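Dumped my_file.txt below, it's compact mmCIF, C-alpha atoms and all ligand atoms:
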# COMPACT_ATOMS: atom_id res chain seq x y z
CA MET A 1 61.50 56.59 47.39
CA SER A 2 63.88 59.20 46.12
CA GLU A 3 65.75 59.14 49.42
CA SER A 4 66.43 55.41 49.32
CA THR A 5 67.52 55.35 45.67
CA SER A 6 70.02 58.15 46.00
CA ALA A 7 71.65 56.30 48.87
CA ALA A 8 71.64 53.06 46.92
CA THR A 9 73.44 54.50 43.91
CA GLY A 10 76.59 54.84 45.97
CA GLU A 11 78.20 51.50 45.17
CA SER A 12 75.48 49.67 43.36
CA PRO A 13 76.62 46.94 40.98
CA GLN A 14 75.08 46.75 37.51
CA SER A 15 72.49 44.20 38.58
CA GLU A 16 70.78 46.44 41.12
CA SER A 17 67.68 48.36 40.20
CA PRO A 18 68.30 51.14 37.71
CA THR A 19 66.04 53.54 39.58
CA GLU A 20 67.03 57.06 38.79
CA SER A 21 68.77 59.18 41.38
CA ALA A 22 67.07 62.06 43.11
CA ALA A 23 68.87 64.56 40.94
CA VAL A 24 67.76 62.91 37.71
CA GLN A 25 64.22 62.71 39.00
CA ALA A 26 64.32 66.38 39.89
CA ILE A 27 65.42 67.23 36.35
CA ARG A 28 62.79 64.99 34.82
CA ALA A 29 60.07 66.52 36.96
CA ARG A 30 60.61 69.99 35.56
CA TRP A 31 62.42 69.52 32.26
CA GLY A 32 61.22 66.08 31.28
CA ALA A 33 60.76 67.08 27.63
CA ASP A 34 64.39 68.17 27.37
CA VAL A 35 65.92 65.00 28.75
CA ASP A 36 67.18 62.80 25.97
CA LEU A 37 68.81 60.09 28.01
CA ALA A 38 69.66 59.35 31.64
CA GLU A 39 72.13 56.60 32.33
CA GLU A 40 74.01 55.29 35.29
CA ASN A 41 77.61 54.19 35.18
CA ARG A 42 79.17 52.90 38.39
CA GLY A 43 77.04 55.06 40.60
CA GLN A 44 77.40 58.18 38.51
CA TRP A 45 74.42 59.50 36.63
CA ARG A 46 74.68 61.10 33.25
CA VAL A 47 71.89 63.20 31.79
CA GLU A 48 71.93 64.14 28.13
CA LEU A 49 69.74 67.04 27.17
CA ARG A 50 68.06 67.68 23.84
CA ARG A 51 68.89 71.38 23.80
CA ARG A 52 71.32 73.62 25.61
CA GLU A 53 69.11 76.58 26.53
CA PRO A 54 67.63 75.25 29.81
CA LEU A 55 71.00 74.25 31.24
CA ASN A 56 71.47 77.30 33.44
CA ASP A 57 68.02 76.90 34.95
CA ILE A 58 68.66 73.22 35.61
CA VAL A 59 71.96 73.95 37.32
CA ASP A 60 70.39 76.70 39.40
CA HIS A 61 67.76 74.26 40.55
CA LEU A 62 70.31 71.54 41.33
CA VAL A 63 72.34 73.96 43.42
CA GLU A 64 69.50 75.57 45.29
CA GLU A 65 67.24 72.62 46.00
CA PRO A 66 67.97 71.81 49.68
CA SER A 67 67.74 68.05 49.19
CA LEU A 68 70.28 68.09 46.36
CA ARG A 69 72.81 70.94 46.72
CA PHE A 70 75.09 70.22 43.79
CA ASP A 71 77.39 72.95 44.98
CA PHE A 72 80.72 72.04 43.38
CA CYS A 73 81.66 72.19 39.73
CA VAL A 74 84.13 69.38 39.09
CA ASP A 75 84.73 69.86 35.40
CA VAL A 76 83.54 71.55 32.27
CA THR A 77 84.77 69.99 29.09
CA ALA A 78 83.59 68.90 25.69
CA LEU A 79 83.46 65.99 23.28
CA ASP A 80 83.86 65.91 19.53
CA HIS A 81 81.63 63.36 17.81
CA TYR A 82 83.17 64.05 14.42
CA GLY A 83 80.90 63.10 11.57
CA GLU A 84 77.74 63.19 13.65
CA GLU A 85 75.16 65.89 13.91
CA PRO A 86 75.25 67.81 16.21
CA ARG A 87 78.99 67.51 16.32
CA PHE A 88 79.96 68.55 19.85
CA ARG A 89 78.76 67.96 23.36
CA ALA A 90 79.53 70.30 26.20
CA VAL A 91 79.96 68.30 29.39
CA TYR A 92 79.42 69.64 32.87
CA VAL A 93 80.26 67.57 35.94
CA LEU A 94 78.71 68.68 39.20
CA ARG A 95 79.19 67.26 42.66
CA SER A 96 76.95 67.27 45.68
CA MET A 97 78.89 67.16 48.92
CA GLN A 98 75.67 66.46 50.75
CA LEU A 99 74.67 63.43 48.68
CA ARG A 100 78.26 62.42 47.94
CA GLU A 101 77.55 61.89 44.30
CA ASP A 102 78.41 63.34 40.94
CA LEU A 103 76.13 64.27 38.11
CA VAL A 104 77.17 64.65 34.49
CA LEU A 105 75.18 66.96 32.26
CA LYS A 106 75.67 66.92 28.51
CA VAL A 107 74.26 69.36 26.02
CA PRO A 108 74.49 69.19 22.21
CA VAL A 109 76.49 71.89 20.39
CA PRO A 110 76.24 72.03 16.60
CA GLU A 111 79.34 73.06 14.70
CA GLU A 112 77.85 75.97 12.79
CA ASP A 113 76.33 77.55 15.91
CA CYS A 114 79.11 76.67 18.29
CA TRP A 115 78.20 77.92 21.72
CA ALA A 116 77.27 76.43 25.07
CA PRO A 117 75.92 78.00 28.25
CA SER A 118 78.49 79.19 30.76
CA LEU A 119 78.36 78.24 34.41
CA THR A 120 80.62 81.10 35.48
CA GLY A 121 77.67 82.98 37.00
CA ARG A 122 77.24 80.08 39.41
CA PHE A 123 80.71 78.57 39.85
CA ARG A 124 83.96 80.50 39.69
CA THR A 125 85.82 77.26 38.98
CA ALA A 126 84.02 77.12 35.65
CA ASP A 127 86.03 80.12 34.45
CA TRP A 128 89.28 78.41 33.53
CA LEU A 129 87.63 75.11 32.70
CA GLU A 130 85.46 76.77 30.10
CA ARG A 131 88.41 78.66 28.70
CA GLU A 132 90.21 75.35 28.28
CA ALA A 133 87.22 73.81 26.55
CA TYR A 134 87.07 76.85 24.28
CA ASP A 135 90.79 76.62 23.56
CA MET A 136 90.70 72.93 22.75
CA PHE A 137 87.34 72.62 20.99
CA GLY A 138 86.39 76.11 19.86
CA ILE A 139 83.11 76.14 21.74
CA THR A 140 82.20 79.64 22.92
CA PHE A 141 80.67 79.71 26.36
CA ARG A 142 77.92 82.32 26.43
CA GLY A 143 78.04 84.50 29.50
CA HIS A 144 81.69 83.88 30.21
CA PRO A 145 83.39 87.14 31.26
CA ASN A 146 86.74 86.47 29.56
CA MET A 147 86.40 84.02 26.68
CA ILE A 148 90.02 83.79 25.51
CA ARG A 149 92.56 81.01 25.13
CA ILE A 150 94.14 79.64 28.27
CA LEU A 151 96.70 77.04 27.12
CA MET A 152 97.75 77.73 23.55
CA PRO A 153 99.52 80.96 22.55
CA ASP A 154 97.43 83.74 21.07
CA ILE A 155 98.65 83.31 17.51
CA PHE A 156 97.48 79.72 17.47
CA GLU A 157 94.44 79.56 15.23
CA ASP A 158 93.15 76.03 15.61
CA HIS A 159 91.40 74.04 18.26
CA PRO A 160 93.64 71.03 18.71
CA LEU A 161 91.30 68.51 20.32
CA ARG A 162 88.97 68.63 17.35
CA LYS A 163 89.15 65.33 15.59
CA ASP A 164 89.97 66.88 12.21
CA PHE A 165 92.99 68.76 13.55
CA PRO A 166 96.31 67.27 12.38
CA MET A 167 98.37 66.03 15.31
CA GLU A 168 101.52 67.90 14.33
CA GLY A 169 99.73 71.22 13.90
CA ARG A 170 99.60 73.54 10.92
CA MET A 171 102.46 75.90 11.73
CA THR A 172 106.07 75.01 10.95
CA ASP A 173 108.83 75.27 13.49
CA GLN A 174 110.29 78.09 11.43
CA GLU A 175 107.14 80.15 11.76
CA TRP A 176 106.99 79.47 15.46
CA ALA A 177 110.65 80.36 15.92
CA GLU A 178 110.19 83.67 14.13
CA TRP A 179 107.25 84.51 16.33
CA ILE A 180 109.06 83.45 19.49
CA ILE A 181 112.21 85.44 18.75
CA ALA A 182 110.29 88.52 17.69
CA ARG A 183 108.28 88.42 20.89
CA ALA A 184 111.26 87.77 23.11
CA GLN A 185 113.13 90.69 21.65
CA ARG A 186 110.24 93.10 21.50
CA GLU A 187 109.40 92.76 25.16
CA GLU A 188 113.02 93.04 26.13
CA ALA A 189 113.38 96.42 24.44
CA MET B 1 135.57 90.12 36.55
CA ALA B 2 139.08 90.66 35.28
CA SER B 3 138.00 90.39 31.68
CA GLY B 4 138.11 94.16 31.13
CA SER B 5 141.82 94.37 31.76
CA LEU B 6 142.50 91.21 29.78
CA THR B 7 140.66 92.50 26.74
CA SER B 8 142.58 95.75 26.79
CA LEU B 9 145.80 93.79 27.02
CA HIS B 10 144.92 92.08 23.82
CA VAL B 11 143.70 95.16 21.99
CA GLY B 12 147.00 96.82 22.71
CA GLU B 13 148.81 94.06 20.87
CA SER B 14 149.11 93.97 17.11
CA GLN B 15 148.04 90.81 15.34
CA GLU B 16 151.46 89.56 14.24
CA GLU B 17 153.43 89.68 17.43
CA GLY B 18 150.73 89.26 20.06
CA GLY B 19 150.85 85.49 19.89
CA ALA B 20 152.68 84.49 22.97
CA LEU B 21 150.94 86.92 25.23
CA VAL B 22 147.46 86.27 23.87
CA THR B 23 147.89 82.54 24.09
CA SER B 24 148.74 82.71 27.71
CA VAL B 25 145.86 85.07 28.42
CA ASP B 26 143.59 82.66 26.63
CA ALA B 27 144.96 79.87 28.72
CA VAL B 28 144.33 81.71 31.95
CA VAL B 29 140.89 82.98 31.01
CA ASN B 30 139.79 79.66 29.59
CA TRP B 31 141.13 77.84 32.61
CA ALA B 32 138.92 79.98 34.80
CA ARG B 33 135.94 79.66 32.51
CA ARG B 34 136.02 75.93 32.00
CA ASN B 35 136.34 75.13 35.67
CA SER B 36 133.45 77.27 36.78
CA ILE B 37 130.65 76.52 34.35
CA TRP B 38 127.68 77.65 36.34
CA PRO B 39 124.58 76.13 34.83
CA LEU B 40 121.17 77.69 34.53
CA PRO B 41 118.97 74.59 34.68
CA LEU B 42 115.93 75.10 32.51
CA GLY B 43 114.14 72.05 33.84
CA LEU B 44 111.08 71.66 31.65
CA SER B 45 110.06 68.09 32.34
CA CYS B 46 111.32 64.64 33.28
CA CYS B 47 114.94 65.22 32.22
CA ALA B 48 115.18 67.78 35.00
CA ILE B 49 114.93 64.94 37.50
CA GLU B 50 117.98 63.36 35.94
CA PHE B 51 119.73 66.70 36.10
CA MET B 52 119.03 66.78 39.83
CA ALA B 53 120.66 63.38 40.16
CA THR B 54 123.65 64.70 38.24
CA ALA B 55 123.97 67.62 40.59
CA ALA B 56 123.49 65.57 43.75
CA SER B 57 126.18 63.77 45.67
CA ARG B 58 126.21 60.40 43.91
CA PHE B 59 127.30 61.80 40.55
CA ASP B 60 128.46 65.13 41.91
CA MET B 61 128.79 67.72 39.19
CA ALA B 62 130.94 69.70 41.62
CA ARG B 63 133.90 67.59 40.54
CA PHE B 64 133.85 69.56 37.31
CA GLY B 65 133.15 72.93 38.82
CA ALA B 66 129.58 73.01 37.60
CA GLU B 67 127.69 72.52 40.83
CA VAL B 68 126.56 76.10 41.33
CA ALA B 69 123.15 76.04 39.70
CA ARG B 70 122.09 79.62 39.19
CA PHE B 71 118.47 80.51 38.82
CA SER B 72 119.21 83.96 37.56
CA PRO B 73 120.38 84.05 33.94
CA LYS B 74 122.70 86.94 34.67
CA GLN B 75 124.87 84.76 36.87
CA ALA B 76 125.00 81.68 34.67
CA ASP B 77 127.39 80.54 31.95
CA LEU B 78 125.66 77.42 30.71
CA MET B 79 122.03 77.04 29.83
CA LEU B 80 121.14 73.42 30.41
CA VAL B 81 117.79 72.83 28.76
CA ALA B 82 116.49 69.66 30.35
CA GLY B 83 113.15 68.66 28.97
CA THR B 84 110.42 69.29 26.48
CA LEU B 85 110.30 72.79 25.07
CA THR B 86 106.80 73.85 24.12
CA TYR B 87 106.23 76.71 21.73
CA LYS B 88 104.71 78.73 24.50
CA MET B 89 107.75 78.19 26.69
CA GLY B 90 110.04 79.00 23.77
CA GLU B 91 109.75 82.69 24.41
CA ALA B 92 110.84 82.34 28.02
CA CYS B 93 113.72 80.13 26.94
CA ARG B 94 114.89 82.66 24.39
CA ARG B 95 114.58 85.56 26.79
CA LEU B 96 116.56 83.74 29.44
CA TYR B 97 119.23 83.01 26.89
CA ASP B 98 119.34 86.64 25.81
CA GLN B 99 119.68 87.76 29.41
CA MET B 100 122.69 85.58 30.07
CA ALA B 101 125.97 87.48 30.00
CA GLU B 102 128.70 86.45 27.58
CA PRO B 103 130.37 84.06 27.42
CA LYS B 104 127.55 81.55 27.41
CA TRP B 105 126.98 78.03 26.21
CA VAL B 106 123.98 75.79 25.74
CA ILE B 107 123.52 72.08 26.26
CA ALA B 108 120.38 70.40 24.96
CA MET B 109 119.78 67.57 27.39
CA GLY B 110 117.72 64.64 26.21
CA ALA B 111 115.82 63.67 23.11
CA CYS B 112 113.13 66.28 23.68
CA ALA B 113 115.42 69.27 23.90
CA SER B 114 117.48 68.01 20.97
CA THR B 115 114.74 67.05 18.52
CA GLY B 116 111.35 67.14 20.17
CA GLY B 117 111.79 63.51 21.11
CA MET B 118 108.69 61.41 20.92
CA PHE B 119 106.41 64.44 20.87
CA ARG B 120 105.64 65.19 17.25
CA SER B 121 102.66 67.22 18.27
CA TYR B 122 101.22 70.67 17.95
CA PRO B 123 102.61 72.30 21.12
CA VAL B 124 106.16 70.92 21.12
CA MET B 125 109.12 72.60 19.46
CA GLN B 126 111.13 70.06 17.49
CA GLY B 127 114.46 70.87 19.07
CA ILE B 128 115.52 73.96 20.99
CA ASP B 129 117.99 74.90 18.25
CA HIS B 130 115.12 76.59 16.45
CA VAL B 131 115.29 79.39 18.99
CA ILE B 132 118.74 79.28 20.60
CA PRO B 133 122.15 78.08 19.38
CA VAL B 134 123.21 74.78 20.94
CA ASP B 135 126.77 73.66 21.69
CA TYR B 136 126.13 70.07 22.76
CA TYR B 137 123.28 67.66 22.32
CA ILE B 138 122.86 64.78 24.73
CA PRO B 139 120.89 61.80 23.43
CA GLY B 140 118.77 59.65 25.68
CA CYS B 141 115.36 59.67 27.27
CA PRO B 142 116.45 60.61 29.84
CA PRO B 143 120.24 60.62 29.49
CA ARG B 144 122.19 59.02 32.29
CA PRO B 145 123.97 61.45 34.61
CA GLU B 146 127.25 60.18 33.23
CA MET B 147 126.22 61.48 29.82
CA VAL B 148 125.50 64.90 31.25
CA LEU B 149 128.92 64.90 32.87
CA ASN B 150 130.38 63.74 29.58
CA ALA B 151 128.82 66.70 27.80
CA ILE B 152 130.22 69.04 30.43
CA ILE B 153 133.68 67.55 30.02
CA HIS B 154 133.41 67.96 26.26
CA LEU B 155 132.29 71.51 26.78
CA GLN B 156 135.32 72.10 28.97
CA LYS B 157 137.51 70.92 26.12
CA THR B 158 135.72 73.22 23.73
CA ILE B 159 136.17 76.14 26.05
CA SER B 160 139.87 75.52 26.48
CA GLU B 161 140.30 75.63 22.70
CA GLU B 162 138.39 78.86 22.27
CA ARG B 163 139.93 82.27 21.74
CA SER B 164 138.67 83.91 24.87
CA HIS B 165 138.15 87.32 23.27
CA LYS B 166 136.49 85.96 20.10
CA ARG B 167 133.60 84.58 22.02
CA LEU B 168 131.41 87.67 21.74
CA GLN B 169 131.46 87.77 17.95
CA LEU B 170 130.98 84.05 17.66
CA THR B 171 127.77 84.02 19.57
CA SER B 172 126.33 87.03 17.85
CA ILE B 173 126.84 85.35 14.47
CA LEU B 174 124.87 82.40 15.78
CA GLY B 175 122.04 84.71 16.64
CA GLY B 176 123.06 85.19 20.24
CA GLY B 177 121.28 88.50 20.33
CA GLU B 178 122.07 91.66 22.15
CA LYS B 179 124.80 91.73 24.73
CA GLU B 180 123.75 92.83 28.14
CA GLU B 181 126.89 94.25 29.73
S1 LIG A 201 113.92 63.19 26.64
FE1 LIG A 201 112.61 61.74 27.74
S2 LIG A 201 113.14 62.05 29.90
FE2 LIG A 201 113.87 63.83 28.77
S3 LIG A 201 112.23 65.33 28.87
FE3 LIG A 201 111.95 64.17 26.99
S4 LIG A 201 110.53 62.54 27.55
FE4 LIG A 201 111.38 63.35 29.45

Go ahead and render the structure in this file as structure tokens.
Amino acid sequence: MSESTSAATGESPQSESPTESAAVQAIRARWGADVDLAEENRGQWRVELRRREPLNDIVDHLVEEPSLRFDFCVDVTALDHYGEEPRFRAVYVLRSMQLREDLVLKVPVPEEDCWAPSLTGRFRTADWLEREAYDMFGITFRGHPNMIRILMPDIFEDHPLRKDFPMEGRMTDQEWAEWIIARAQREEA
Amino acid sequence: MASGSLTSLHVGESQEEGGALVTSVDAVVNWARRNSIWPLPLGLSCCAIEFMATAASRFDMARFGAEVARFSPKQADLMLVAGTLTYKMGEACRRLYDQMAEPKWVIAMGACASTGGMFRSYPVMQGIDHVIPVDYYIPGCPPRPEMVLNAIIHLQKTISEERSHKRLQLTSILGGGEKEE
């Protein structure tokens, strides 16, 4: 049954049976209590978890299980549901070359305890992606070897993709210019 | 090049009676300078494409002696900032400017380089004149190549009116930074 459904999810229109893909079934079989929601959107399955702790085990299983082999990390990013509790979601997109399908995993991240599991132990591509998510949302990825900013300069203090961040930033051009000129001249000396 | 000997010619003259000689030296030096403005294209985003068109054969910046785009600041006279300057890039922009040998000029090409353009957002500097002194601003998003040529022609006029030996002091007042030499 699982074989036929995973093949069917390829291009299935909305009307076709919403039978869960093999990957979702594999997650449900072992971590059924942690699965909050599993939904399909144009052939791509999204699994929302109730807690973040089991994520690394789930990913390990998805990678190692011979019938699944989700061996490519497409993206690690985050969402800000400002005003809700928990506020953030960390989003991991995995791809199985063997099944030719993607799987989205979402875990909740509360604002006051702002961390998410890191996939760097499993995928080296997760390194920069998680640094970007940290830079933009301020979510610390536990287990990441080098959790520093990747896009914004070091003196930048905010996380600009948070919904409560003002679009034009908090530093004036004058402050930036002073910092830029001081840096340019210090390194030249 | 020959500027060493020209400067000493001037220094030897006293202020009152040096007029005729200095004027002609200015004329010669400025003639050379204005007809060989070698640009350092700091192509930061879409405006750089328009700069390429300006440099290519249809618009042909070579007609004004500015076709030799130099990618080393030490060989360039004109910093042509074409595009959106982010705060993070600001440091590189300033360092490149500081590394350019005198005399040097700056053109801010396009709305972004002049004022930040449409990007009133946290990473974008609202005009490159916060970090480097600008001689000419070109409006437009992106400006037509004719406008870039227009700015270069205006710059040529400016150069021909300059006192060739005063240039060093002028730029350091503007915050031009340390001279390389
Ligand atoms: S002024 Fe317009 S064309 Fe030029 S860099 Fe800005 S957005 Fe691009």

(request) Would you kindly report the residues of chain A within 10 Å of chain B, using all atoms listed in the file, as an NGL selection string? (result) :A and (151-154 or 156 or 158 or 160 or 165-185 or 187-188)

So which residues touch Met147 of chain A within 9 Å, counting only C-alpha atoms, skipping near sequence neighbours fewer than 3 positions away, as a compact mmCIF listing (two decimals) with C-alpha atoms, in the frame of the given file?
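Wrote it out as around38.txt, contents follow:
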# COMPACT_ATOMS: atom_id res chain seq x y z
CA ASP A 127 86.03 80.12 34.45
CA GLU A 130 85.46 76.77 30.10
CA ARG A 131 88.41 78.66 28.70
CA TYR A 134 87.07 76.85 24.28
CA THR A 140 82.20 79.64 22.92
CA PHE A 141 80.67 79.71 26.36
CA ARG A 142 77.92 82.32 26.43
CA GLY A 143 78.04 84.50 29.50
CA HIS A 144 81.69 83.88 30.21

(request) Go through the chains and note each residue within 10 Å of ligand LIG 201 (chain A), using all atoms listed in the file, then give the set as a VMD selection string. (result) chain B and resid 43 to 51 81 to 85 108 to 119 138 to 144

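Nearest to Asp34 of chain A of all the residues A:Ala22, A:Leu105, A:Leu99, A:Val91 is A:Leu105, counting only C-alpha atoms.
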
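When all atoms listed in the file are used to compute distances to Arg63 of chain B, the closest of the residues B:Val134, B:Ile37, B:Val106, B:Val25 turns out to be B:Ile37.
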
(request) Find, counting all atoms listed in the file, the residue in B:Val29, B:Trp38, B:Ala55, B:Ile152 that gets nearest to Phe71 of chain B. (result)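 The answer is B:Trp38, which sits nearest to Phe71 of chain B.
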
(message) So the first atom is atom CA of Leu78 of chain B and the second is atom CA of Arg186 of chain A; what is the distance between them in Å, to one decimal place?
(response)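 According to the coordinates, atom CA of Leu78 of chain B and atom CA of Arg186 of chain A are separated by 23.8 Å.
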
(request) Would you mind telling me which residue in A:Ala133, A:Ala126, A:Leu37, A:Leu119 lies nearest to Phe88 of chain A when using all atoms listed in the file? (result)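 Using all atoms listed in the file, the shortest distance to Phe88 of chain A belongs to A:Ala133.
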
(message) Between atom CA of His61 of chain A and atom CA of Asn41 of chain A, what is the distance in Å, rounded to a tenth?
(response) 23.0 Å

At a cut-off of 12 Å, using all atoms listed in the file, what residues contact Ile139 of chain A? Leave out same-chain residues fewer than 3 positions from it and give the result as a PDB file with C-alpha atoms, in the frame of the given file.
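New file out_39.pdb:
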ATOM      1  CA  VAL A  76      83.540  71.550  32.270  1.00  0.00           C
ATOM      2  CA  THR A  77      84.770  69.990  29.090  1.00  0.00           C
ATOM      3  CA  ALA A  78      83.590  68.900  25.690  1.00  0.00           C
ATOM      4  CA  LEU A  79      83.460  65.990  23.280  1.00  0.00           C
ATOM      5  CA  ASP A  80      83.860  65.910  19.530  1.00  0.00           C
ATOM      6  CA  ARG A  87      78.990  67.510  16.320  1.00  0.00           C
ATOM      7  CA  PHE A  88      79.960  68.550  19.850  1.00  0.00           C
ATOM      8  CA  ARG A  89      78.760  67.960  23.360  1.00  0.00           C
ATOM      9  CA  ALA A  90      79.530  70.300  26.200  1.00  0.00           C
ATOM     10  CA  VAL A  91      79.960  68.300  29.390  1.00  0.00           C
ATOM     11  CA  VAL A 107      74.260  69.360  26.020  1.00  0.00           C
ATOM     12  CA  PRO A 108      74.490  69.190  22.210  1.00  0.00           C
ATOM     13  CA  VAL A 109      76.490  71.890  20.390  1.00  0.00           C
ATOM     14  CA  PRO A 110      76.240  72.030  16.600  1.00  0.00           C
ATOM     15  CA  GLU A 111      79.340  73.060  14.700  1.00  0.00           C
ATOM     16  CA  GLU A 112      77.850  75.970  12.790  1.00  0.00           C
ATOM     17  CA  ASP A 113      76.330  77.550  15.910  1.00  0.00           C
ATOM     18  CA  CYS A 114      79.110  76.670  18.290  1.00  0.00           C
ATOM     19  CA  TRP A 115      78.200  77.920  21.720  1.00  0.00           C
ATOM     20  CA  ALA A 116      77.270  76.430  25.070  1.00  0.00           C
ATOM     21  CA  PRO A 117      75.920  78.000  28.250  1.00  0.00           C
ATOM     22  CA  SER A 118      78.490  79.190  30.760  1.00  0.00           C
ATOM     23  CA  LEU A 129      87.630  75.110  32.700  1.00  0.00           C
ATOM     24  CA  GLU A 130      85.460  76.770  30.100  1.00  0.00           C
ATOM     25  CA  ARG A 131      88.410  78.660  28.700  1.00  0.00           C
ATOM     26  CA  GLU A 132      90.210  75.350  28.280  1.00  0.00           C
ATOM     27  CA  ALA A 133      87.220  73.810  26.550  1.00  0.00           C
ATOM     28  CA  TYR A 134      87.070  76.850  24.280  1.00  0.00           C
ATOM     29  CA  ASP A 135      90.790  76.620  23.560  1.00  0.00           C
ATOM     30  CA  MET A 136      90.700  72.930  22.750  1.00  0.00           C
ATOM     31  CA  ARG A 142      77.920  82.320  26.430  1.00  0.00           C
ATOM     32  CA  HIS A 144      81.690  83.880  30.210  1.00  0.00           C
ATOM     33  CA  MET A 147      86.400  84.020  26.680  1.00  0.00           C
ATOM     34  CA  ILE A 148      90.020  83.790  25.510  1.00  0.00           C
ATOM     35  CA  ARG A 149      92.560  81.010  25.130  1.00  0.00           C
ATOM     36  CA  ASP A 158      93.150  76.030  15.610  1.00  0.00           C
ATOM     37  CA  HIS A 159      91.400  74.040  18.260  1.00  0.00           C
ATOM     38  CA  LEU A 161      91.300  68.510  20.320  1.00  0.00           C
ATOM     39  CA  ARG A 162      88.970  68.630  17.350  1.00  0.00           C
TER      40      ARG A 162
END

Would you mind listing what lies within 7 Å of segment 63-73 of chain A as a compact mmCIF listing (two decimals) with C-alpha atoms, keeping the file's coordinate frame, with all atoms listed in the file counted and same-chain residues fewer than 3 positions away left out?
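Below is the file that was written, result.txt:
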# COMPACT_ATOMS: atom_id res chain seq x y z
CA ALA A 23 68.87 64.56 40.94
CA VAL A 59 71.96 73.95 37.32
CA ASP A 60 70.39 76.70 39.40
CA VAL A 93 80.26 67.57 35.94
CA LEU A 94 78.71 68.68 39.20
CA ARG A 95 79.19 67.26 42.66
CA SER A 96 76.95 67.27 45.68
CA GLN A 98 75.67 66.46 50.75
CA LEU A 99 74.67 63.43 48.68
CA PHE A 123 80.71 78.57 39.85
CA THR A 125 85.82 77.26 38.98
CA ALA A 126 84.02 77.12 35.65

Work out where the centre of an axis-aligned box around every listed atom of segment 67-74 of chain B lies and how long its edges are once 8 Å is added on each side; give both in Å to one decimal as AutoDock Vina command-line options.
--center_x 123.1 --center_y 79.7 --center_z 37.6 --size_x 25.2 --size_y 30.4 --size_z 23.4

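You can rank A:Arg100, A:Lys106, A:Arg30, A:Lys163 by their closest distance to Ile58 of chain A using only C-alpha atoms, and at the top of that list sits A:Arg30.
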
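Using all atoms listed in the file, the nearest neighbour of Ile150 of chain A within the list A:Asp164, A:Asp57, A:Trp128, A:Glu84 is A:Trp128.
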
(request) Work out how far atom CA of Leu40 of chain B is from atom CA of Ala151 of chain B, in Å to one decimal. (result)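 Interatomic distance, atom CA of Ala151 of chain B to atom CA of Leu40 of chain B: 15.0 Å.
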